[in-house]
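Enquirer: Quick one: the structure is below, questions incoming.
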Amino acid sequence: MATLTVSAIAAAGTLNSTVSAAGGGDKVKPDGDNVFIEVTNGGGSSINVTVASYPTVRGQAVADRVIAVAASATKKIPIYADLNTNPADGLASIAYSGVTTVTVAAYRI
């Protein structure tokens, strides 16, 4: 599991900083509602990206978010500090149903 480096979106533009998605998942440091990940699926079939949720509401766990990324598609997925921050390490956990030809990057706006 790798911790993604968050790149700030600059007024003059920001170069892509994608890395291969880690087989054991990745982590990223939330910053309010200002961080998102960009997942590109270069494969021939859809994958699911799961962003873990940690809070509870009236004693019930909030469901993890599962986002489908179609074959040959790219999705930008927001990371919410109040929903996705693991209290144990302060990071958000991201899992992938497949990682072959999948890249990911993290950005802050």
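Going by the structure tokens order, chains are called A, B, ..., each with residues numbered from 1, while ligands are numbered from 1 in the order shown.
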What's the 10 Å shell around region 55-57 of chain A, counting only C-alpha atoms, without same-chain residues fewer than 2 positions away, as a ChimeraX atom specification?

Expert: /A:52-53,59-63,82-87

Enquirer: Could you pull the residues within 12 Å of region 22-31 of chain A, counting only C-alpha atoms, minus those fewer than 6 positions along the same chain, as a compact mmCIF listing (two decimals) with N, CA and C atoms, in the first residue's frame?

Expert:
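Here's the written file part07.txt:
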# COMPACT_ATOMS: atom_id res chain seq x y z
N MET A 1 0.86 -1.17 0.00
CA MET A 1 0.00 0.00 0.00
C MET A 1 0.90 1.23 0.00
N ALA A 2 0.65 2.10 -0.97
CA ALA A 2 1.46 3.31 -1.10
C ALA A 2 0.64 4.52 -0.69
N THR A 3 1.33 5.53 -0.17
CA THR A 3 0.66 6.80 0.12
C THR A 3 0.93 7.73 -1.06
N LEU A 4 -0.14 8.16 -1.70
CA LEU A 4 -0.02 9.02 -2.88
C LEU A 4 0.41 10.42 -2.50
N THR A 5 1.25 11.02 -3.32
CA THR A 5 1.63 12.41 -3.15
C THR A 5 0.56 13.28 -3.80
N VAL A 6 0.07 14.25 -3.06
CA VAL A 6 -0.98 15.13 -3.57
C VAL A 6 -0.34 16.32 -4.28
N SER A 7 -0.70 16.53 -5.53
CA SER A 7 -0.20 17.66 -6.31
C SER A 7 -1.23 18.79 -6.29
N ALA A 8 -0.77 20.00 -6.02
CA ALA A 8 -1.67 21.16 -6.03
C ALA A 8 -1.94 21.56 -7.47
N ILE A 37 -8.88 12.04 -6.30
CA ILE A 37 -7.98 11.14 -7.01
C ILE A 37 -8.50 11.01 -8.44
N GLU A 38 -7.58 10.76 -9.34
CA GLU A 38 -7.92 10.54 -10.74
C GLU A 38 -7.47 9.12 -11.08
N VAL A 39 -8.43 8.25 -11.40
CA VAL A 39 -8.14 6.86 -11.69
C VAL A 39 -8.37 6.60 -13.17
N ASN A 48 -13.74 -1.62 -10.09
CA ASN A 48 -14.35 -0.84 -9.01
C ASN A 48 -13.26 -0.24 -8.14
N VAL A 49 -13.46 1.00 -7.77
CA VAL A 49 -12.58 1.69 -6.82
C VAL A 49 -13.40 1.89 -5.55
N THR A 50 -12.87 1.41 -4.43
CA THR A 50 -13.58 1.53 -3.16
C THR A 50 -12.83 2.50 -2.26
N VAL A 51 -13.55 3.54 -1.81
CA VAL A 51 -12.99 4.52 -0.88
C VAL A 51 -13.65 4.24 0.46
N ALA A 52 -12.83 3.86 1.43
CA ALA A 52 -13.35 3.48 2.75
C ALA A 52 -13.96 4.66 3.48
N PRO A 78 -13.77 12.41 -5.56
CA PRO A 78 -13.45 13.25 -4.41
C PRO A 78 -13.16 12.43 -3.16
N ILE A 79 -12.27 12.97 -2.35
CA ILE A 79 -11.94 12.39 -1.04
C ILE A 79 -12.40 13.40 0.01
N TYR A 80 -13.30 12.97 0.88
CA TYR A 80 -13.88 13.86 1.88
C TYR A 80 -13.25 13.61 3.24
N ALA A 81 -12.70 14.66 3.84
CA ALA A 81 -12.01 14.50 5.13
C ALA A 81 -12.94 13.95 6.20
N ASP A 82 -14.18 14.45 6.28
CA ASP A 82 -15.08 14.01 7.35
C ASP A 82 -15.61 12.61 7.14
N LEU A 83 -15.57 12.08 5.94
CA LEU A 83 -16.10 10.77 5.64
C LEU A 83 -15.02 9.71 5.47
N ASN A 84 -13.89 10.08 4.89
CA ASN A 84 -12.90 9.10 4.47
C ASN A 84 -11.63 9.04 5.29
N THR A 85 -11.47 9.89 6.30
CA THR A 85 -10.25 9.88 7.10
C THR A 85 -10.29 8.77 8.13
N ASN A 86 -9.30 7.90 8.07
CA ASN A 86 -9.16 6.83 9.07
C ASN A 86 -8.60 7.47 10.34
N PRO A 87 -9.31 7.38 11.47
CA PRO A 87 -8.81 8.01 12.69
C PRO A 87 -7.49 7.41 13.18
N ASP A 89 -4.77 6.61 11.33
CA ASP A 89 -3.56 7.14 10.69
C ASP A 89 -3.77 8.48 9.99
N GLY A 90 -5.00 8.98 9.94
CA GLY A 90 -5.28 10.28 9.31
C GLY A 90 -5.30 10.24 7.80
N LEU A 91 -5.34 9.05 7.21
CA LEU A 91 -5.31 8.91 5.76
C LEU A 91 -6.60 8.25 5.26
N ALA A 92 -6.89 8.46 3.99
CA ALA A 92 -8.02 7.79 3.34
C ALA A 92 -7.49 6.56 2.62
N SER A 93 -8.22 5.45 2.72
CA SER A 93 -7.82 4.19 2.09
C SER A 93 -8.60 3.97 0.81
N ILE A 94 -7.88 3.56 -0.24
CA ILE A 94 -8.46 3.34 -1.56
C ILE A 94 -8.09 1.93 -2.00
N ALA A 95 -9.07 1.16 -2.44
CA ALA A 95 -8.83 -0.20 -2.93
C ALA A 95 -9.34 -0.31 -4.37
N TYR A 96 -8.74 -1.23 -5.11
CA TYR A 96 -9.08 -1.42 -6.52
C TYR A 96 -9.42 -2.89 -6.74
N SER A 97 -10.45 -3.17 -7.55
CA SER A 97 -10.79 -4.55 -7.85
C SER A 97 -9.81 -5.17 -8.84
N GLY A 98 -9.05 -4.35 -9.51
CA GLY A 98 -8.00 -4.79 -10.42
C GLY A 98 -7.01 -3.66 -10.59
N VAL A 99 -5.73 -3.99 -10.81
CA VAL A 99 -4.73 -2.92 -10.94
C VAL A 99 -3.91 -3.00 -12.23
N THR A 100 -4.12 -4.04 -13.03
CA THR A 100 -3.39 -4.16 -14.28
C THR A 100 -3.81 -3.02 -15.20
N THR A 101 -2.87 -2.25 -15.65
CA THR A 101 -3.05 -1.06 -16.51
C THR A 101 -3.90 0.02 -15.85
N VAL A 102 -3.93 0.07 -14.52
CA VAL A 102 -4.66 1.11 -13.79
C VAL A 102 -3.64 2.08 -13.19
N THR A 103 -3.86 3.38 -13.44
CA THR A 103 -3.01 4.40 -12.84
C THR A 103 -3.86 5.33 -11.99
N VAL A 104 -3.20 6.00 -11.05
CA VAL A 104 -3.90 6.88 -10.12
C VAL A 104 -3.00 8.09 -9.84
N ALA A 105 -3.65 9.20 -9.55
CA ALA A 105 -2.95 10.41 -9.13
C ALA A 105 -3.84 11.13 -8.13
N ALA A 106 -3.24 11.93 -7.28
CA ALA A 106 -4.00 12.70 -6.29
C ALA A 106 -3.72 14.17 -6.50
N TYR A 107 -4.80 14.98 -6.42
CA TYR A 107 -4.68 16.42 -6.64
C TYR A 107 -5.43 17.18 -5.57
N ARG A 108 -4.99 18.40 -5.32
CA ARG A 108 -5.65 19.31 -4.39
C ARG A 108 -6.03 20.57 -5.15
N ILE A 109 -7.27 21.01 -4.95
CA ILE A 109 -7.72 22.23 -5.60
C ILE A 109 -7.74 23.37 -4.63

Enquirer: List every residue of region 53-98 of chain A that DSSP, applied to the backbone, labels as alpha helix (DSSP H), and write the result as a ChimeraX atom specification.

Expert: /A:81-84

Enquirer: Could you please determine the separation between CA of Thr18 (chain A) and CA of Gly42 (chain A) in Å, to one decimal place?

Expert: 12.6 Å

Enquirer: Running DSSP on the backbone, which parts of chain A land in strand (DSSP E or B), as a PyMOL selection string?

Expert: chain A and resi 2-3+6-8+19-20+26-28+35-41+47-51+56-57+60-61+65-69+73-79+92-96+102-108

Enquirer: Report, in Å to a single decimal, how far apart CA of Thr40 (chain A) and CA of Ala68 (chain A) are.

Expert: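 Here the two named atoms are 11.1 Å from each other.
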